[in-house]
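Here is the file start-v5.pdb (PDB, C-alpha atoms).
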ATOM      1  CA  MET A   1       0.000   0.000   0.000
ATOM      2  CA  ASN A   2       1.489   3.336  -1.014
ATOM      3  CA  LYS A   3       1.746   6.434   1.129
ATOM      4  CA  THR A   4      -1.266   8.131  -0.483
ATOM      5  CA  SER A   5      -3.510   5.098   0.098
ATOM      6  CA  LYS A   6      -2.474   4.953   3.742
ATOM      7  CA  SER A   7      -3.260   8.630   4.243
ATOM      8  CA  LEU A   8      -6.758   8.137   2.844
ATOM      9  CA  GLN A   9      -7.485   5.557   5.573
ATOM     10  CA  LYS A  10      -6.737   7.971   8.409
ATOM     11  CA  LYS A  11      -9.376   9.919  10.323
ATOM     12  CA  THR A  12      -9.945  13.482   9.156
ATOM     13  CA  ALA A  13     -10.175  16.662  11.240
ATOM     14  CA  LEU A  14     -11.682  19.899   9.958
ATOM     15  CA  ILE A  15     -10.221  22.950  11.725
ATOM     16  CA  THR A  16     -11.409  26.528  11.240
ATOM     17  CA  GLY A  17      -9.145  29.464  12.001
ATOM     18  CA  ALA A  18      -6.268  27.105  11.282
ATOM     19  CA  ALA A  19      -3.621  29.571  10.154
ATOM     20  CA  SER A  20      -2.648  31.152  13.463
ATOM     21  CA  GLY A  21      -2.891  31.039  17.247
ATOM     22  CA  ILE A  22      -4.618  28.138  18.961
ATOM     23  CA  GLY A  23      -5.967  26.910  15.622
ATOM     24  CA  TYR A  24      -2.509  26.525  14.114
ATOM     25  CA  GLN A  25      -1.250  24.700  17.195
ATOM     26  CA  LEU A  26      -4.221  22.329  17.005
ATOM     27  CA  THR A  27      -3.415  21.783  13.340
ATOM     28  CA  GLN A  28       0.109  20.745  14.350
ATOM     29  CA  ILE A  29      -1.174  18.382  17.055
ATOM     30  CA  PHE A  30      -3.699  16.631  14.813
ATOM     31  CA  ALA A  31      -1.051  16.270  12.103
ATOM     32  CA  ARG A  32       1.375  14.676  14.588
ATOM     33  CA  HIS A  33      -1.366  12.231  15.533
ATOM     34  CA  SER A  34      -1.741  11.255  11.870
ATOM     35  CA  TYR A  35      -5.072  12.919  11.126
ATOM     36  CA  ASN A  36      -5.790  14.074   7.606
ATOM     37  CA  LEU A  37      -6.641  17.770   7.676
ATOM     38  CA  VAL A  38      -9.251  20.045   6.166
ATOM     39  CA  LEU A  39      -8.218  23.601   7.043
ATOM     40  CA  VAL A  40     -10.285  26.769   6.823
ATOM     41  CA  ASP A  41      -8.921  30.299   7.148
ATOM     42  CA  LYS A  42      -8.788  33.653   5.374
ATOM     43  CA  ASN A  43      -4.972  33.614   5.306
ATOM     44  CA  GLU A  44      -4.185  32.023   1.949
ATOM     45  CA  GLN A  45      -0.428  32.407   2.311
ATOM     46  CA  LYS A  46      -0.273  30.505   5.600
ATOM     47  CA  LEU A  47      -2.612  27.773   4.380
ATOM     48  CA  THR A  48      -0.450  27.353   1.288
ATOM     49  CA  GLU A  49       2.636  26.993   3.489
ATOM     50  CA  ILE A  50       0.872  24.279   5.500
ATOM     51  CA  ILE A  51      -0.241  22.324   2.447
ATOM     52  CA  ASP A  52       3.297  22.533   1.035
ATOM     53  CA  GLU A  53       4.872  21.237   4.256
ATOM     54  CA  PHE A  54       2.515  18.935   6.162
ATOM     55  CA  PRO A  55       1.748  16.115   3.671
ATOM     56  CA  GLN A  56       5.429  15.324   3.266
ATOM     57  CA  LYS A  57       6.344  15.915   6.908
ATOM     58  CA  PHE A  58       3.495  13.942   8.506
ATOM     59  CA  GLY A  59       2.364  11.593   5.732
ATOM     60  CA  ILE A  60      -1.167  12.978   5.685
ATOM     61  CA  PHE A  61      -3.666  14.434   3.223
ATOM     62  CA  VAL A  62      -4.365  18.173   3.539
ATOM     63  CA  LYS A  63      -7.151  20.132   1.868
ATOM     64  CA  ILE A  64      -7.507  23.879   2.338
ATOM     65  CA  PHE A  65     -10.406  26.319   2.047
ATOM     66  CA  VAL A  66      -9.555  30.003   1.818
ATOM     67  CA  LYS A  67     -12.829  31.222   3.277
ATOM     68  CA  ASP A  68     -14.122  34.109   5.354
ATOM     69  CA  LEU A  69     -16.636  32.621   7.797
ATOM     70  CA  SER A  70     -18.285  36.015   8.269
ATOM     71  CA  ILE A  71     -19.905  35.317   4.877
ATOM     72  CA  PRO A  72     -23.081  33.298   5.592
ATOM     73  CA  THR A  73     -22.764  30.982   2.571
ATOM     74  CA  CYS A  74     -19.310  29.658   3.501
ATOM     75  CA  PRO A  75     -20.288  26.724   5.776
ATOM     76  CA  GLU A  76     -22.607  25.273   3.128
ATOM     77  CA  GLU A  77     -19.959  25.733   0.427
ATOM     78  CA  ILE A  78     -17.373  23.876   2.499
ATOM     79  CA  PHE A  79     -19.774  21.052   3.337
ATOM     80  CA  THR A  80     -20.959  20.632  -0.262
ATOM     81  CA  GLU A  81     -17.453  20.491  -1.687
ATOM     82  CA  LEU A  82     -16.383  17.893   0.868
ATOM     83  CA  GLN A  83     -19.484  15.815   0.154
ATOM     84  CA  GLN A  84     -18.763  15.928  -3.572
ATOM     85  CA  ALA A  85     -15.176  14.827  -2.896
ATOM     86  CA  SER A  86     -16.377  12.026  -0.574
ATOM     87  CA  ILE A  87     -14.281  13.417   2.300
ATOM     88  CA  LYS A  88     -15.773  12.369   5.626
ATOM     89  CA  ILE A  89     -15.121  14.520   8.690
ATOM     90  CA  ASP A  90     -14.469  12.620  11.923
ATOM     91  CA  VAL A  91     -13.463  15.584  14.083
ATOM     92  CA  LEU A  92     -14.844  19.106  13.743
ATOM     93  CA  VAL A  93     -12.869  21.898  15.412
ATOM     94  CA  ASN A  94     -14.735  25.206  15.425
ATOM     95  CA  ASN A  95     -11.846  27.464  16.369
ATOM     96  CA  ALA A  96     -12.392  30.555  14.202
ATOM     97  CA  GLY A  97     -13.411  33.633  16.129
ATOM     98  CA  PHE A  98     -12.426  37.180  17.020
ATOM     99  CA  GLY A  99     -13.306  39.988  19.402
ATOM    100  CA  THR A 100     -13.907  43.721  19.391
ATOM    101  CA  TYR A 101     -13.085  46.235  22.101
ATOM    102  CA  GLY A 102     -14.816  49.406  23.226
ATOM    103  CA  VAL A 103     -18.002  50.899  24.648
ATOM    104  CA  PHE A 104     -20.913  49.284  22.820
ATOM    105  CA  ASN A 105     -22.582  52.498  21.615
ATOM    106  CA  GLU A 106     -19.281  53.583  20.029
ATOM    107  CA  THR A 107     -18.108  50.347  18.409
ATOM    108  CA  ASP A 108     -18.464  49.352  14.750
ATOM    109  CA  LEU A 109     -21.784  47.602  14.134
ATOM    110  CA  THR A 110     -20.647  46.112  10.823
ATOM    111  CA  LEU A 111     -17.665  44.494  12.512
ATOM    112  CA  GLU A 112     -19.818  43.211  15.365
ATOM    113  CA  LEU A 113     -22.299  41.632  12.974
ATOM    114  CA  LYS A 114     -19.402  39.845  11.283
ATOM    115  CA  MET A 115     -18.225  38.686  14.700
ATOM    116  CA  LEU A 116     -21.671  37.280  15.510
ATOM    117  CA  GLN A 117     -21.604  35.424  12.206
ATOM    118  CA  VAL A 118     -18.145  33.911  12.771
ATOM    119  CA  ASN A 119     -18.298  33.226  16.509
ATOM    120  CA  MET A 120     -21.849  31.866  16.679
ATOM    121  CA  VAL A 121     -23.703  31.430  13.395
ATOM    122  CA  SER A 122     -20.998  29.750  11.293
ATOM    123  CA  LEU A 123     -20.004  27.592  14.277
ATOM    124  CA  THR A 124     -23.619  26.456  14.659
ATOM    125  CA  HIS A 125     -24.062  25.992  10.918
ATOM    126  CA  LEU A 126     -20.956  23.819  10.521
ATOM    127  CA  THR A 127     -21.913  21.762  13.559
ATOM    128  CA  LYS A 128     -25.409  21.169  12.186
ATOM    129  CA  LEU A 129     -24.090  20.087   8.780
ATOM    130  CA  PHE A 130     -21.350  17.696   9.926
ATOM    131  CA  LEU A 131     -23.139  16.312  12.975
ATOM    132  CA  LYS A 132     -25.718  14.537  10.835
ATOM    133  CA  ASP A 133     -23.026  12.403   9.201
ATOM    134  CA  MET A 134     -21.402  11.734  12.568
ATOM    135  CA  VAL A 135     -24.702  10.450  13.959
ATOM    136  CA  GLU A 136     -25.132   8.141  10.975
ATOM    137  CA  GLN A 137     -21.671   6.632  11.465
ATOM    138  CA  ASN A 138     -22.007   6.499  15.293
ATOM    139  CA  TYR A 139     -18.702   8.297  15.742
ATOM    140  CA  GLY A 140     -17.441  11.839  15.856
ATOM    141  CA  LYS A 141     -15.830  14.505  17.981
ATOM    142  CA  ILE A 142     -16.563  18.227  18.104
ATOM    143  CA  LEU A 143     -14.296  20.800  19.713
ATOM    144  CA  ASN A 144     -15.726  24.293  20.040
ATOM    145  CA  VAL A 145     -13.179  26.888  21.089
ATOM    146  CA  ALA A 146     -14.759  29.531  23.314
ATOM    147  CA  SER A 147     -13.165  31.489  26.155
ATOM    148  CA  ALA A 148     -13.215  31.964  29.907
ATOM    149  CA  ALA A 149     -15.189  35.061  28.901
ATOM    150  CA  ALA A 150     -18.151  32.696  28.517
ATOM    151  CA  PHE A 151     -18.727  32.596  32.273
ATOM    152  CA  GLN A 152     -19.504  36.288  32.895
ATOM    153  CA  PRO A 153     -20.648  39.533  31.254
ATOM    154  CA  GLY A 154     -17.879  41.624  29.706
ATOM    155  CA  PRO A 155     -18.186  45.399  29.723
ATOM    156  CA  LEU A 156     -16.012  46.964  26.981
ATOM    157  CA  MET A 157     -16.234  43.663  25.082
ATOM    158  CA  ALA A 158     -19.963  43.122  25.553
ATOM    159  CA  VAL A 159     -20.764  41.431  22.253
ATOM    160  CA  TYR A 160     -17.683  39.208  22.273
ATOM    161  CA  PHE A 161     -18.361  37.936  25.800
ATOM    162  CA  ALA A 162     -21.979  37.249  24.834
ATOM    163  CA  THR A 163     -20.878  35.170  21.839
ATOM    164  CA  GLN A 164     -18.650  33.080  24.078
ATOM    165  CA  ALA A 165     -21.506  32.478  26.523
ATOM    166  CA  TYR A 166     -23.523  31.196  23.570
ATOM    167  CA  VAL A 167     -20.784  28.773  22.514
ATOM    168  CA  LEU A 168     -20.479  27.388  26.052
ATOM    169  CA  SER A 169     -24.235  26.971  26.510
ATOM    170  CA  PHE A 170     -24.720  25.476  23.043
ATOM    171  CA  SER A 171     -21.861  23.017  23.497
ATOM    172  CA  GLU A 172     -23.000  21.800  26.905
ATOM    173  CA  ALA A 173     -26.562  21.350  25.655
ATOM    174  CA  ILE A 174     -25.745  19.288  22.575
ATOM    175  CA  ALA A 175     -23.196  17.261  24.556
ATOM    176  CA  ASN A 176     -26.110  16.170  26.733
ATOM    177  CA  GLU A 177     -28.309  15.430  23.713
ATOM    178  CA  LEU A 178     -25.600  13.254  22.167
ATOM    179  CA  GLU A 179     -24.935  11.031  25.172
ATOM    180  CA  GLY A 180     -24.826   7.389  24.101
ATOM    181  CA  THR A 181     -24.398   8.174  20.390
ATOM    182  CA  GLY A 182     -20.619   7.729  20.180
ATOM    183  CA  ILE A 183     -20.189  11.452  19.584
ATOM    184  CA  SER A 184     -18.511  13.755  22.095
ATOM    185  CA  VAL A 185     -18.666  17.539  22.334
ATOM    186  CA  THR A 186     -15.964  19.529  24.111
ATOM    187  CA  VAL A 187     -15.812  23.270  24.658
ATOM    188  CA  LEU A 188     -12.391  24.801  25.295
ATOM    189  CA  CYS A 189     -12.479  27.957  27.443
ATOM    190  CA  PRO A 190      -8.991  29.473  27.770
ATOM    191  CA  GLY A 191      -8.235  32.635  29.700
ATOM    192  CA  PRO A 192      -5.985  35.374  28.296
ATOM    193  CA  THR A 193      -3.668  33.726  25.780
ATOM    194  CA  ALA A 194      -0.632  35.180  24.039
ATOM    195  CA  SER A 195      -1.802  35.357  20.426
ATOM    196  CA  GLU A 196      -2.944  37.751  17.710
ATOM    197  CA  PHE A 197      -6.368  38.027  19.367
ATOM    198  CA  GLN A 198      -5.541  41.191  21.328
ATOM    199  CA  GLN A 199      -4.211  42.965  18.257
ATOM    200  CA  THR A 200      -7.204  41.962  16.138
ATOM    201  CA  ALA A 201      -9.587  43.188  18.835
ATOM    202  CA  ALA A 202      -7.686  46.520  19.081
ATOM    203  CA  MET A 203      -7.342  46.111  22.827
ATOM    204  CA  GLY A 204      -3.583  46.462  23.127
ATOM    205  CA  ASP A 205      -3.790  49.278  25.704
ATOM    206  CA  SER A 206      -6.266  47.533  27.998
ATOM    207  CA  LYS A 207      -5.144  46.050  31.305
ATOM    208  CA  ILE A 208      -6.251  42.514  30.389
ATOM    209  CA  ALA A 209      -4.110  42.551  27.221
ATOM    210  CA  ASN A 210      -1.048  43.254  29.336
ATOM    211  CA  VAL A 211      -1.329  40.396  31.797
ATOM    212  CA  LYS A 212       2.260  39.221  32.249
ATOM    213  CA  ARG A 213       1.570  35.535  32.723
ATOM    214  CA  MET A 214      -0.644  34.681  29.789
ATOM    215  CA  MET A 215      -0.772  31.055  28.693
ATOM    216  CA  ASP A 216       0.789  30.288  25.333
ATOM    217  CA  THR A 217      -1.201  28.927  22.408
ATOM    218  CA  LYS A 218       0.759  25.665  22.295
ATOM    219  CA  THR A 219      -0.151  24.802  25.897
ATOM    220  CA  VAL A 220      -3.801  25.764  25.439
ATOM    221  CA  ALA A 221      -4.074  23.659  22.275
ATOM    222  CA  ARG A 222      -2.462  20.647  23.956
ATOM    223  CA  ILE A 223      -4.854  20.831  26.913
ATOM    224  CA  GLY A 224      -7.796  21.260  24.557
ATOM    225  CA  TYR A 225      -6.773  18.249  22.484
ATOM    226  CA  GLN A 226      -6.360  16.099  25.586
ATOM    227  CA  GLY A 227      -9.787  17.152  26.822
ATOM    228  CA  LEU A 228     -11.331  16.340  23.448
ATOM    229  CA  MET A 229      -9.748  12.896  23.330
ATOM    230  CA  THR A 230     -10.910  12.047  26.879
ATOM    231  CA  ASN A 231     -14.459  13.257  26.134
ATOM    232  CA  LYS A 232     -14.469  16.110  28.633
ATOM    233  CA  ILE A 233     -17.294  18.556  28.083
ATOM    234  CA  VAL A 234     -15.832  21.795  29.498
ATOM    235  CA  VAL A 235     -12.080  22.385  29.494
ATOM    236  CA  VAL A 236     -10.624  25.449  31.232
ATOM    237  CA  PRO A 237      -6.809  25.472  30.898
ATOM    238  CA  GLY A 238      -4.786  26.663  33.888
ATOM    239  CA  MET A 239      -5.530  26.507  37.615
ATOM    240  CA  ARG A 240      -5.889  30.282  37.907
ATOM    241  CA  ASN A 241      -8.499  30.332  35.156
ATOM    242  CA  LYS A 242     -10.354  27.393  36.719
ATOM    243  CA  ILE A 243     -10.533  29.195  40.063
ATOM    244  CA  LEU A 244     -11.736  32.415  38.450
ATOM    245  CA  THR A 245     -14.473  30.720  36.424
ATOM    246  CA  GLU A 246     -15.685  28.784  39.468
ATOM    247  CA  SER A 247     -15.655  31.842  41.730
ATOM    248  CA  VAL A 248     -18.073  33.623  39.394
ATOM    249  CA  ARG A 249     -20.828  31.246  40.520
ATOM    250  CA  PHE A 250     -20.585  32.463  44.116
ATOM    251  CA  THR A 251     -20.138  36.181  43.432
ATOM    252  CA  PRO A 252     -23.038  38.644  42.932
ATOM    253  CA  ARG A 253     -23.502  39.326  39.226
ATOM    254  CA  ASN A 254     -23.253  43.107  39.556
ATOM    255  CA  LEU A 255     -19.920  42.738  41.346
ATOM    256  CA  VAL A 256     -18.609  40.327  38.701
ATOM    257  CA  THR A 257     -19.539  42.810  35.983
ATOM    258  CA  LYS A 258     -17.747  45.649  37.789
ATOM    259  CA  ILE A 259     -14.614  43.534  38.248
ATOM    260  CA  VAL A 260     -14.528  42.560  34.568
ATOM    261  CA  ARG A 261     -14.994  46.225  33.606
ATOM    262  CA  THR A 262     -12.005  47.193  35.754
ATOM    263  CA  MET A 263      -9.879  44.432  34.207
ATOM    264  CA  HIS A 264     -10.651  45.649  30.687
ATOM    265  CA  GLU A 265     -10.227  49.367  31.173
ATOM    266  CA  LEU A 266      -7.343  51.154  29.513
ATOM    267  CA  LYS A 267      -4.090  51.434  31.409
ATOM    268  CA  LYS A 268      -3.651  54.811  33.046
ATOM    269  CA  ASN A 269      -0.748  56.908  31.861
ATOM    270  CA  ARG A 270       1.894  57.267  34.517
TER     271      ARG A 270
END

Will you turn the file into structure tokens for me?
Amino acid sequence: MNKTSKSLQKKTALITGAASGIGYQLTQIFARHSYNLVLVDKNEQKLTEIIDEFPQKFGIFVKIFVKDLSIPTCPEEIFTELQQASIKIDVLVNNAGFGTYGVFNETDLTLELKMLQVNMVSLTHLTKLFLKDMVEQNYGKILNVASAAAFQPGPLMAVYFATQAYVLSFSEAIANELEGTGISVTVLCPGPTASEFQQTAAMGDSKIANVKRMMDTKTVARIGYQGLMTNKIVVVPGMRNKILTESVRFTPRNLVTKIVRTMHELKKNR
């Protein structure tokens, strides 16, 4: 059996937001574990670099989609093309997402609507499309990447925090629905992570973006992968983040909101 034939027998993982940050680290991990890859991202250059390197390096098949998931038709286009190519998805990783920073009545509505589409709607759409096939084959894994932001309101990032709460709630609910089907759902909720997220969200001068001991994307991805493979439902990397997310349950909501506001305010000039 030649190398190409062997690669076609491997399980396949679809990863969105695969070109950078946690998504790229997950791409590396799945490749090292001999998964074929279907990668989705807007960054054509980085995806091209991956497809040039990974098949030879890891002995896997890689297919790329240069897609912007803020465009509503993209999930259906991806699904249809994979169906036509008879590529079955065993693991779906909904990692794509971004944030915006600022007081809600001053922020860019167009950008926020795109964020809602990427963070919630496309995630839900892709899950709906690929879950049906997983149910038919009695096997599948879904990893939705959210944030520790999912556990509380987030003044100065109100819409982003709300999208993460949706991803957490949605993931926990369908995980319950899928018990006994052979399909697991995991939601990864990292705290502040050293990545391009802060720059994309234009929050570089906020206090939270300058936390000295952020986790790195490689560690977060590894913990997320381990949680997915052991069928954990909610994964919060890091003891400090676990304590903070648990403490929210026992703290008055108005106090939690005030604390989060303070954490996200701009640094004061000295």

Centre and edges of the region 26-36 of chain A box, axis-aligned, 6 Å extra per side, as JSON:
{"center_x": -2.2, "center_y": 16.8, "center_z": 12.3, "size_x": 19.2, "size_y": 23.1, "size_z": 21.4}

Around the point (-25.8, 28.5, 15.4) (coordinates from the file), which residues reach within 12 Å if we count all atoms listed in the file? Answer as an MDAnalysis selection string. chainID A and resid 72 75 94 116:129 144 163 166:171 174

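In this structure, CA of Thr48 (chain A) sits 17.5 Å away from CA of Ala13 (chain A).
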
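Selection result for the displayed file, with the PyMOL selection byres ((chain A and resi 96) around 9) as criterion, is Ile15, Thr16, Gly17, Ala18, Gly23, Val40, Asp41, Leu69, Val93, Asn94, Asn95, Gly97, Phe98, Val118, Asn119, Leu123 and Val145 of chain A.
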
Around the point (-20.7, 44.2, 15.6) in the file's coordinates, collect all residues with an atom within 12 Å, using all atoms listed in the file, and return them as a ChimeraX atom specification. /A:70,98-119,157-160,162-163,201

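For the residues A:Leu188, A:Leu39, A:Val220, A:Leu156, ranking by smallest atom-to-atom distance to Met263 (chain A) using all atoms listed in the file places A:Leu156 first.
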
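Residues matched by the PyMOL selection byres ((chain A and resi 194) around 7) in this file: Pro192, Thr193, Ser195, Met214, Met215, Asp216 and Thr217 of chain A.
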
Expansion of the PyMOL selection byres ((chain A and resi 186) around 12) into residues, as a VMD selection string: chain A and resid 91 to 95 140 to 146 167 to 176 178 183 to 185 187 to 189 223 to 236

Find, counting all atoms listed in the file, the residue in A:Ile71, A:Gly154, A:Pro237, A:Ala221 that gets nearest to Leu255 (chain A). A:Gly154

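Closest to Pro190 (chain A) among A:Arg249, A:Asn43, A:Ile22, A:Gln56 is A:Ile22, based on all atoms listed in the file.
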
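In this structure, CA of Lys46 (chain A) sits 22.3 Å away from CA of Ile87 (chain A).
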
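A straight line drawn from CA of Leu37 (chain A) to CA of Lys218 (chain A) is 18.2 Å long.
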
Kindly write C-alpha atoms of region 66-153 of chain A from the structure just given to a file, as a CSV table (one decimal), in the first residue's frame.
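Everything below was put into result.csv:
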chain,number,residue,atom,x,y,z
A,66,VAL,CA,-9.6,30.0,1.8
A,67,LYS,CA,-12.8,31.2,3.3
A,68,ASP,CA,-14.1,34.1,5.4
A,69,LEU,CA,-16.6,32.6,7.8
A,70,SER,CA,-18.3,36.0,8.3
A,71,ILE,CA,-19.9,35.3,4.9
A,72,PRO,CA,-23.1,33.3,5.6
A,73,THR,CA,-22.8,31.0,2.6
A,74,CYS,CA,-19.3,29.7,3.5
A,75,PRO,CA,-20.3,26.7,5.8
A,76,GLU,CA,-22.6,25.3,3.1
A,77,GLU,CA,-20.0,25.7,0.4
A,78,ILE,CA,-17.4,23.9,2.5
A,79,PHE,CA,-19.8,21.1,3.3
A,80,THR,CA,-21.0,20.6,-0.3
A,81,GLU,CA,-17.5,20.5,-1.7
A,82,LEU,CA,-16.4,17.9,0.9
A,83,GLN,CA,-19.5,15.8,0.2
A,84,GLN,CA,-18.8,15.9,-3.6
A,85,ALA,CA,-15.2,14.8,-2.9
A,86,SER,CA,-16.4,12.0,-0.6
A,87,ILE,CA,-14.3,13.4,2.3
A,88,LYS,CA,-15.8,12.4,5.6
A,89,ILE,CA,-15.1,14.5,8.7
A,90,ASP,CA,-14.5,12.6,11.9
A,91,VAL,CA,-13.5,15.6,14.1
A,92,LEU,CA,-14.8,19.1,13.7
A,93,VAL,CA,-12.9,21.9,15.4
A,94,ASN,CA,-14.7,25.2,15.4
A,95,ASN,CA,-11.8,27.5,16.4
A,96,ALA,CA,-12.4,30.6,14.2
A,97,GLY,CA,-13.4,33.6,16.1
A,98,PHE,CA,-12.4,37.2,17.0
A,99,GLY,CA,-13.3,40.0,19.4
A,100,THR,CA,-13.9,43.7,19.4
A,101,TYR,CA,-13.1,46.2,22.1
A,102,GLY,CA,-14.8,49.4,23.2
A,103,VAL,CA,-18.0,50.9,24.6
A,104,PHE,CA,-20.9,49.3,22.8
A,105,ASN,CA,-22.6,52.5,21.6
A,106,GLU,CA,-19.3,53.6,20.0
A,107,THR,CA,-18.1,50.3,18.4
A,108,ASP,CA,-18.5,49.4,14.7
A,109,LEU,CA,-21.8,47.6,14.1
A,110,THR,CA,-20.6,46.1,10.8
A,111,LEU,CA,-17.7,44.5,12.5
A,112,GLU,CA,-19.8,43.2,15.4
A,113,LEU,CA,-22.3,41.6,13.0
A,114,LYS,CA,-19.4,39.8,11.3
A,115,MET,CA,-18.2,38.7,14.7
A,116,LEU,CA,-21.7,37.3,15.5
A,117,GLN,CA,-21.6,35.4,12.2
A,118,VAL,CA,-18.1,33.9,12.8
A,119,ASN,CA,-18.3,33.2,16.5
A,120,MET,CA,-21.8,31.9,16.7
A,121,VAL,CA,-23.7,31.4,13.4
A,122,SER,CA,-21.0,29.7,11.3
A,123,LEU,CA,-20.0,27.6,14.3
A,124,THR,CA,-23.6,26.5,14.7
A,125,HIS,CA,-24.1,26.0,10.9
A,126,LEU,CA,-21.0,23.8,10.5
A,127,THR,CA,-21.9,21.8,13.6
A,128,LYS,CA,-25.4,21.2,12.2
A,129,LEU,CA,-24.1,20.1,8.8
A,130,PHE,CA,-21.4,17.7,9.9
A,131,LEU,CA,-23.1,16.3,13.0
A,132,LYS,CA,-25.7,14.5,10.8
A,133,ASP,CA,-23.0,12.4,9.2
A,134,MET,CA,-21.4,11.7,12.6
A,135,VAL,CA,-24.7,10.4,14.0
A,136,GLU,CA,-25.1,8.1,11.0
A,137,GLN,CA,-21.7,6.6,11.5
A,138,ASN,CA,-22.0,6.5,15.3
A,139,TYR,CA,-18.7,8.3,15.7
A,140,GLY,CA,-17.4,11.8,15.9
A,141,LYS,CA,-15.8,14.5,18.0
A,142,ILE,CA,-16.6,18.2,18.1
A,143,LEU,CA,-14.3,20.8,19.7
A,144,ASN,CA,-15.7,24.3,20.0
A,145,VAL,CA,-13.2,26.9,21.1
A,146,ALA,CA,-14.8,29.5,23.3
A,147,SER,CA,-13.2,31.5,26.2
A,148,ALA,CA,-13.2,32.0,29.9
A,149,ALA,CA,-15.2,35.1,28.9
A,150,ALA,CA,-18.2,32.7,28.5
A,151,PHE,CA,-18.7,32.6,32.3
A,152,GLN,CA,-19.5,36.3,32.9
A,153,PRO,CA,-20.6,39.5,31.3
